[in-house]
Structures are given as structure tokens and as C-alpha cells.
Amino acid sequence: ANENPYNAPINRYPDPLQESLKIQIAKYKEVRPESIFLGNGSDEAIDLVFRVFCTPGVDNVVAIAPTYGMYEVCAEINDVEYRKVLLDENFQIDASKILASCDENTKVVFICTPNNPTGNNISRVEIEQVLKNFDGIVVVDEAYSDFSKSRPFRLDLLQYPNIIVLNTFSKAWGCAAIILGMAFASPQIVNLFNKVKYPYNINVATMKIVCDLLTKGIDEEVEQIKQQRALVAEALAEFKFVERVYPSDANFLLVEVVDADAMYDFLISRGIIVRNRNRVKGCEGCLRLTIGRPEENEALLKSISEYEKSVVR
Ligand code: PMP
């Protein structure tokens, strides 16, 4: 392959199908290696869904709203119409509403669970209804499922030949810097992704880091984040200008406050960056707060109490 014979071990191209890493991931995730696609983040898999299954300018996809922004970004880039179905007041879906938004050119439905930015699990029964009744691909993005008690859909791949489940090493695994995403699907779908992706999409350094990490696991850190999530949620609910702390199955909390923009600016002035979702339909007045280490969460709560003092005065 016209490589340099010196400078081992990084002088050779990596395995384009990442076979040994997939064997390790397969054991951990309880899926077959041939049902695993690895991407440059789950974002690569999201883009491939459009490139493989949609014809630009003709097809459309349907997604819940509000949700993760990358589905819409990739739809636009690939010139595919993006149809939104608004979640209800409990941030839940009605399968019949999703199915009613589909037509003969709808190739994909996107459902994120636990959903970003709302934080909650989407009803399994409704997702199953979509999987059974939609004659196309259903992407179930479980980027945050490690923080949830619910049964993940990746364990039910054989039941649903049209499902693509997304997972990532960027959240519970704490590896956002190396950008490694997973898609779990039938071997036929994985083969299509492998034909379209760049040949060497995952580099050797990334594979080595993840191989080492998989032997160590993440249970302790995830447990710690879940405990902190409960503590932070409880503390937030005490503030007068916090109107609602939404229940979360993820590593973040969606919080409705009296003046989201003002609180966002105040936190920025204290060196804390949260996500302002005030202008997102369905999340008006809301900030999304990521759970950090205990000392970071304390710093956040301290800044919020300073903010309260400054507005109540
Ligand atoms: N899916 C969801 C729901 C996300 O929130 C994110 C990151 N914010 C991703 C996928 C992206 O994952 P990755 O870092 O693997 O591209």
C-alpha cells in the first residue's frame, strides 16, 4: 500500500473493518461483531444513513422534535427534506402521529432515547409500534442509554431488521476527544455502511485507547454521575426561579427557569457554560446542564445561588 517500512507500529494503515476491536465491543455490548459499524463519531453513522438510504431532492426523513441537531444538519447537507413531529407536553411520542407524517418517500425515522435535550426515555411501546409499522429504516439513537435503567434496543436487533441503533464512546465512556461512534444493525445494513464509508475511518491510536478501556469498564463513573444527577436535580428544585427540573435518564438535566437568557449570561460570567435551549420549540425557558464531577456541580450550584441572590434583591 506504498507505506514506509520504518516507524512501526504506526507506519501501516489500520484494519479498515476494525475486526479485533469489534470482537471486544461485541462481547461488551452483547451484539454480534457482524452487526457492528464503527464510525468517526456517531455523526459519521448519521451522515451515512442519508447517503445510503436517501435520494437527494426526492426523499424525506421524519424525526421527533426537539432532538439532537445533527439529524437535521445532515438532512440539509444531503438535500433531504426533514419533517419534525413535536413531542407532547411530557416529551413523549405518539407512534400514530409519526406514521401519519410518513409518505412513500419517507426512508428514515429518527428517534433519540434518552432524548437530547429533554433527557427522558421515549416510550418503548411507541418506538416498537414505529419499528413494526414503518416500512423503512428506524434509527434509535441510544447515545445516553448507559445512564438509563431501560432495556436498550441494541439487544433486540434480531427482532427488527429495519433498526439502526446508535451508541457512542463520547458520553458514558468519557472519550469525546477520540470520536468513536457505533451503529448496531443487521449485517446487510452494516455492509452497506462499510461500502460507502472512507476506507480507514478509524485510526490505530483510537482503536488502542478503546481496546484498553473496554477491559476496565465504566460502571463506577456512570454510577457516580447518576448519583450526582439526583443530588443536583434535588438542589436545583429548591431555587425560587427554577420552575421545573425535568426527569432525566441521561447525564444532563433540562431545567425550566424564569429567565433562561439572564441565567445563561450570569453563568457565562462565572466561567460556566451550559446549553441555552430557550429558542428551541418545546424547550422555551430551558437550560440544559451537564452533570460534572462533584466539585464542578458544587461550583455550578454555588453560582446559581449567587444568581438567585442577585435577582431576588
Ligand atoms: N447522538 C446524540 C443524541 C448526541 O447527543 C450526540 C452528541 N452530542 C451524538 C449522537 C454524537 O456522538 P459522537 O460524539 O459519537 O459523534
# chains A, B, ... in the order shown; residues from 1 in each chain; ligands from 1
$ closest_atom_pairs --of "chain A" --to "ligand 1" --cutoff "8 Å" --atoms "only C-alpha atoms and all ligand atoms" --output "JSON lines"
{"residue": "A:Gly39", "atom": "CA", "partner": "ligand 1", "partner_atom_place_in_ligand_line": "15 (O)", "distance": 7.9}
{"residue": "A:Asn40", "atom": "CA", "partner": "ligand 1", "partner_atom_place_in_ligand_line": "16 (O)", "distance": 6.9}
{"residue": "A:Gly41", "atom": "CA", "partner": "ligand 1", "partner_atom_place_in_ligand_line": "15 (O)", "distance": 3.4}
{"residue": "A:Ser42", "atom": "CA", "partner": "ligand 1", "partner_atom_place_in_ligand_line": "15 (O)", "distance": 3.8}
{"residue": "A:Asp43", "atom": "CA", "partner": "ligand 1", "partner_atom_place_in_ligand_line": "16 (O)", "distance": 4.1}
{"residue": "A:Glu44", "atom": "CA", "partner": "ligand 1", "partner_atom_place_in_ligand_line": "16 (O)", "distance": 6.9}
{"residue": "A:Thr67", "atom": "CA", "partner": "ligand 1", "partner_atom_place_in_ligand_line": "3 (C)", "distance": 7.4}
{"residue": "A:Tyr68", "atom": "CA", "partner": "ligand 1", "partner_atom_place_in_ligand_line": "3 (C)", "distance": 5.1}
{"residue": "A:Met70", "atom": "CA", "partner": "ligand 1", "partner_atom_place_in_ligand_line": "10 (C)", "distance": 7.6}
{"residue": "A:Cys112", "atom": "CA", "partner": "ligand 1", "partner_atom_place_in_ligand_line": "3 (C)", "distance": 5.9}
{"residue": "A:Thr113", "atom": "CA", "partner": "ligand 1", "partner_atom_place_in_ligand_line": "3 (C)", "distance": 7.6}
{"residue": "A:Pro114", "atom": "CA", "partner": "ligand 1", "partner_atom_place_in_ligand_line": "3 (C)", "distance": 7.8}
{"residue": "A:Asn115", "atom": "CA", "partner": "ligand 1", "partner_atom_place_in_ligand_line": "3 (C)", "distance": 6.4}
{"residue": "A:Asn116", "atom": "CA", "partner": "ligand 1", "partner_atom_place_in_ligand_line": "3 (C)", "distance": 5.3}
{"residue": "A:Pro117", "atom": "CA", "partner": "ligand 1", "partner_atom_place_in_ligand_line": "5 (O)", "distance": 7.6}
{"residue": "A:Asp141", "atom": "CA", "partner": "ligand 1", "partner_atom_place_in_ligand_line": "3 (C)", "distance": 5.9}
{"residue": "A:Glu142", "atom": "CA", "partner": "ligand 1", "partner_atom_place_in_ligand_line": "3 (C)", "distance": 6.9}
{"residue": "A:Ala143", "atom": "CA", "partner": "ligand 1", "partner_atom_place_in_ligand_line": "1 (N)", "distance": 5.0}
{"residue": "A:Tyr144", "atom": "CA", "partner": "ligand 1", "partner_atom_place_in_ligand_line": "3 (C)", "distance": 7.0}
{"residue": "A:Leu166", "atom": "CA", "partner": "ligand 1", "partner_atom_place_in_ligand_line": "1 (N)", "distance": 7.3}
{"residue": "A:Asn167", "atom": "CA", "partner": "ligand 1", "partner_atom_place_in_ligand_line": "15 (O)", "distance": 7.1}
{"residue": "A:Thr168", "atom": "CA", "partner": "ligand 1", "partner_atom_place_in_ligand_line": "15 (O)", "distance": 4.4}
{"residue": "A:Phe169", "atom": "CA", "partner": "ligand 1", "partner_atom_place_in_ligand_line": "15 (O)", "distance": 6.1}
{"residue": "A:Ser170", "atom": "CA", "partner": "ligand 1", "partner_atom_place_in_ligand_line": "14 (O)", "distance": 4.8}
{"residue": "A:Lys171", "atom": "CA", "partner": "ligand 1", "partner_atom_place_in_ligand_line": "14 (O)", "distance": 7.5}
{"residue": "A:Ala176", "atom": "CA", "partner": "ligand 1", "partner_atom_place_in_ligand_line": "14 (O)", "distance": 5.8}
{"residue": "A:Ile179", "atom": "CA", "partner": "ligand 1", "partner_atom_place_in_ligand_line": "14 (O)", "distance": 5.5}
{"residue": "A:Leu180", "atom": "CA", "partner": "ligand 1", "partner_atom_place_in_ligand_line": "15 (O)", "distance": 5.5}
{"residue": "A:Gly181", "atom": "CA", "partner": "ligand 1", "partner_atom_place_in_ligand_line": "15 (O)", "distance": 4.2}
{"residue": "A:Met182", "atom": "CA", "partner": "ligand 1", "partner_atom_place_in_ligand_line": "15 (O)", "distance": 7.4}
$ closest_residue --among "A:Pro5, A:Gly57, A:Pro294, A:Pro66" --to "A:Ile225" --atoms "only C-alpha atoms"
A:Pro294
$ closest_residue --among "A:Val61, A:Ala45, A:Leu157, A:Leu213" --to "A:Glu104" --atoms "only C-alpha atoms"
A:Val61
$ residues_around --residues "A:Ala260" --least-positions-apart "2" --cutoff "9 Å" --atoms "only C-alpha atoms" --output "MDAnalysis selection string"
chainID A and resid 256:258 262:265 276:278 284:287
$ write_last_selection --atoms "all heavy atoms" --output "tab-separated table (two decimals), in the first residue's frame"
chain	number	residue	atom	x	y	z
A	256	GLU	N	-36.26	24.26	33.54
A	256	GLU	CA	-37.00	25.45	33.12
A	256	GLU	C	-36.84	26.52	34.19
A	256	GLU	O	-37.09	26.24	35.37
A	256	GLU	CB	-38.47	25.09	32.93
A	256	GLU	CG	-39.25	26.18	32.22
A	256	GLU	CD	-40.72	25.80	32.04
A	256	GLU	OE1	-41.04	24.60	32.04
A	256	GLU	OE2	-41.51	26.73	31.92
A	257	VAL	N	-36.41	27.70	33.78
A	257	VAL	CA	-36.17	28.78	34.76
A	257	VAL	C	-36.94	30.03	34.34
A	257	VAL	O	-37.46	30.09	33.22
A	257	VAL	CB	-34.65	29.09	34.87
A	257	VAL	CG1	-33.87	27.87	35.37
A	257	VAL	CG2	-34.08	29.58	33.55
A	258	VAL	N	-36.97	31.02	35.24
A	258	VAL	CA	-37.79	32.20	34.97
A	258	VAL	C	-37.24	33.00	33.79
A	258	VAL	O	-37.98	33.41	32.91
A	258	VAL	CB	-37.89	33.08	36.24
A	258	VAL	CG1	-38.55	34.42	35.91
A	258	VAL	CG2	-38.67	32.35	37.31
A	262	ALA	N	-31.00	35.36	30.97
A	262	ALA	CA	-30.28	36.07	32.03
A	262	ALA	C	-29.42	35.09	32.84
A	262	ALA	O	-28.26	35.39	33.16
A	262	ALA	CB	-31.27	36.79	32.95
A	263	MET	N	-29.97	33.94	33.15
A	263	MET	CA	-29.21	32.98	33.94
A	263	MET	C	-28.04	32.42	33.13
A	263	MET	O	-26.94	32.23	33.65
A	263	MET	CB	-30.11	31.84	34.40
A	263	MET	CG	-29.41	30.92	35.35
A	263	MET	SD	-30.61	29.90	36.21
A	263	MET	CE	-29.67	28.41	36.35
A	264	TYR	N	-28.28	32.20	31.86
A	264	TYR	CA	-27.20	31.73	30.97
A	264	TYR	C	-26.04	32.72	30.97
A	264	TYR	O	-24.88	32.35	31.16
A	264	TYR	CB	-27.77	31.53	29.56
A	264	TYR	CG	-26.74	31.14	28.54
A	264	TYR	CD1	-26.31	29.81	28.43
A	264	TYR	CD2	-26.18	32.09	27.68
A	264	TYR	CE1	-25.35	29.45	27.51
A	264	TYR	CE2	-25.22	31.74	26.76
A	264	TYR	CZ	-24.81	30.41	26.67
A	264	TYR	OH	-23.86	30.06	25.76
A	265	ASP	N	-26.38	34.01	30.80
A	265	ASP	CA	-25.33	35.05	30.77
A	265	ASP	C	-24.59	35.12	32.10
A	265	ASP	O	-23.37	35.28	32.14
A	265	ASP	CB	-25.94	36.43	30.45
A	265	ASP	CG	-26.41	36.49	29.00
A	265	ASP	OD1	-25.96	35.65	28.19
A	265	ASP	OD2	-27.23	37.38	28.68
A	276	ASN	N	-28.11	26.82	26.28
A	276	ASN	CA	-29.34	27.61	26.34
A	276	ASN	C	-30.32	27.08	25.28
A	276	ASN	O	-30.08	27.23	24.08
A	276	ASN	CB	-29.00	29.08	26.08
A	276	ASN	CG	-30.19	29.99	26.30
A	276	ASN	OD1	-31.31	29.50	26.52
A	276	ASN	ND2	-29.98	31.28	26.26
A	277	ARG	N	-31.42	26.47	25.71
A	277	ARG	CA	-32.40	25.91	24.78
A	277	ARG	C	-33.66	26.78	24.69
A	277	ARG	O	-34.71	26.32	24.23
A	277	ARG	CB	-32.78	24.47	25.19
A	277	ARG	CG	-31.61	23.48	25.25
A	277	ARG	CD	-31.11	23.05	23.88
A	277	ARG	NE	-30.31	24.07	23.22
A	277	ARG	CZ	-29.83	23.96	22.00
A	277	ARG	NH1	-30.07	22.89	21.28
A	277	ARG	NH2	-29.11	24.92	21.47
A	278	ASN	N	-33.53	28.03	25.17
A	278	ASN	CA	-34.67	28.94	25.24
A	278	ASN	C	-35.35	29.15	23.89
A	278	ASN	O	-36.56	29.35	23.83
A	278	ASN	CB	-34.17	30.29	25.80
A	278	ASN	CG	-35.31	31.21	26.20
A	278	ASN	OD1	-36.43	30.74	26.44
A	278	ASN	ND2	-35.04	32.50	26.28
A	284	GLU	N	-38.86	26.15	25.51
A	284	GLU	CA	-38.79	27.57	25.84
A	284	GLU	C	-38.52	27.73	27.34
A	284	GLU	O	-39.10	27.02	28.17
A	284	GLU	CB	-40.09	28.29	25.46
A	284	GLU	CG	-40.34	28.39	23.96
A	284	GLU	CD	-40.96	27.14	23.33
A	284	GLU	OE1	-41.20	26.15	24.06
A	284	GLU	OE2	-41.22	27.15	22.11
A	285	GLY	N	-37.63	28.63	27.68
A	285	GLY	CA	-37.30	28.89	29.10
A	285	GLY	C	-36.35	27.88	29.71
A	285	GLY	O	-36.11	27.90	30.91
A	286	CYS	N	-35.79	27.00	28.88
A	286	CYS	CA	-34.98	25.90	29.44
A	286	CYS	C	-33.48	26.04	29.20
A	286	CYS	O	-33.03	26.50	28.14
A	286	CYS	CB	-35.42	24.57	28.84
A	286	CYS	SG	-37.04	24.06	29.40
A	287	LEU	N	-32.74	25.60	30.20
A	287	LEU	CA	-31.29	25.43	30.07
A	287	LEU	C	-31.00	23.94	30.21
A	287	LEU	O	-31.67	23.24	30.97
A	287	LEU	CB	-30.55	26.19	31.17
A	287	LEU	CG	-30.74	27.71	31.22
A	287	LEU	CD1	-29.96	28.28	32.40
A	287	LEU	CD2	-30.26	28.35	29.91
$ residues_around --residues "A:Ile163" --least-positions-apart "6" --cutoff "6 Å" --atoms "only C-alpha atoms" --output "number ranges by chain"
A: 137-139
$ write_last_selection --atoms "N, CA and C atoms" --output "mmCIF file, in the first residue's frame"
data_model
loop_
_atom_site.group_PDB
_atom_site.id
_atom_site.type_symbol
_atom_site.label_atom_id
_atom_site.label_comp_id
_atom_site.auth_asym_id
_atom_site.auth_seq_id
_atom_site.Cartn_x
_atom_site.Cartn_y
_atom_site.Cartn_z
ATOM 1 N N ILE A 137 -36.248 2.498 7.365
ATOM 2 C CA ILE A 137 -35.237 2.419 8.428
ATOM 3 C C ILE A 137 -35.665 3.243 9.647
ATOM 4 N N VAL A 138 -35.512 2.675 10.832
ATOM 5 C CA VAL A 138 -35.750 3.436 12.065
ATOM 6 C C VAL A 138 -34.420 3.532 12.820
ATOM 7 N N VAL A 139 -33.931 4.774 12.964
ATOM 8 C CA VAL A 139 -32.698 4.998 13.723
ATOM 9 C C VAL A 139 -33.092 5.284 15.176
#
$ residues_around --residues "A:Glu34" --least-positions-apart "4" --cutoff "9 Å" --atoms "only C-alpha atoms" --output "PDB file with C-alpha atoms, in the first residue's frame"
ATOM      1  CA  LYS A  22     -15.381  -5.229  17.056  1.00  0.00           C
ATOM      2  CA  ALA A  26     -19.409  -7.353  20.648  1.00  0.00           C
ATOM      3  CA  PHE A 184     -25.680  -1.702  15.534  1.00  0.00           C
ATOM      4  CA  ALA A 185     -27.822  -3.151  12.764  1.00  0.00           C
ATOM      5  CA  SER A 186     -28.367  -6.197  10.559  1.00  0.00           C
ATOM      6  CA  PRO A 187     -25.186  -7.395   8.771  1.00  0.00           C
ATOM      7  CA  VAL A 190     -23.568  -2.776   8.197  1.00  0.00           C
ATOM      8  CA  ASN A 191     -22.220  -3.979   4.828  1.00  0.00           C
TER       9      ASN A 191
END
$ atom_distance --atom1 "atom CA of A:Ala233" --atom2 "atom CA of A:Val255"
8.8 Å
$ closest_residue --among "A:Val31, A:Val274, A:Val232, A:Val204" --to "A:Val245" --atoms "only C-alpha atoms"
A:Val232
$ select_by_dssp --residues "stretch 61-93 of chain A" --states "helix (DSSP H, G or I)" --output "JSON, numbers by chain"
{"A": [70, 71, 72, 73, 74, 75, 76, 77]}
$ residues_around --residues "A:Ile273" --least-positions-apart "4" --cutoff "10 Å" --atoms "only C-alpha atoms" --output "number ranges by chain"
A: 264-269, 288-290, 300
$ residues_around --residues "A:Asn11" --least-positions-apart "6" --cutoff "12 Å" --atoms "only C-alpha atoms" --output "list of chain:residue names"
A:Ala1, A:Asn2, A:Glu3, A:Asn4, A:Pro5, A:Asn203, A:Val204
$ write_last_selection --atoms "N, CA and C atoms" --output "PDB file, in the first residue's frame"
ATOM      1  N   ALA A   1       0.833  -1.218   0.000  1.00  0.00           N
ATOM      2  CA  ALA A   1       0.000   0.000   0.000  1.00  0.00           C
ATOM      3  C   ALA A   1       0.866   1.267   0.000  1.00  0.00           C
ATOM      4  N   ASN A   2       2.076   1.145  -0.494  1.00  0.00           N
ATOM      5  CA  ASN A   2       3.020   2.285  -0.562  1.00  0.00           C
ATOM      6  C   ASN A   2       3.276   2.919   0.809  1.00  0.00           C
ATOM      7  N   GLU A   3       3.331   2.071   1.828  1.00  0.00           N
ATOM      8  CA  GLU A   3       3.645   2.589   3.162  1.00  0.00           C
ATOM      9  C   GLU A   3       5.154   2.658   3.330  1.00  0.00           C
ATOM     10  N   ASN A   4       5.590   3.319   4.391  1.00  0.00           N
ATOM     11  CA  ASN A   4       7.003   3.414   4.752  1.00  0.00           C
ATOM     12  C   ASN A   4       7.341   2.207   5.636  1.00  0.00           C
ATOM     13  N   PRO A   5       8.438   1.486   5.355  1.00  0.00           N
ATOM     14  CA  PRO A   5       8.730   0.291   6.167  1.00  0.00           C
ATOM     15  C   PRO A   5       9.195   0.628   7.580  1.00  0.00           C
ATOM     16  N   ASN A 203      -8.663   5.343  13.243  1.00  0.00           N
ATOM     17  CA  ASN A 203      -7.202   5.195  13.271  1.00  0.00           C
ATOM     18  C   ASN A 203      -6.735   4.285  14.397  1.00  0.00           C
ATOM     19  N   VAL A 204      -5.466   3.875  14.302  1.00  0.00           N
ATOM     20  CA  VAL A 204      -4.901   2.900  15.238  1.00  0.00           C
ATOM     21  C   VAL A 204      -4.876   3.428  16.680  1.00  0.00           C
TER      22      VAL A 204
END
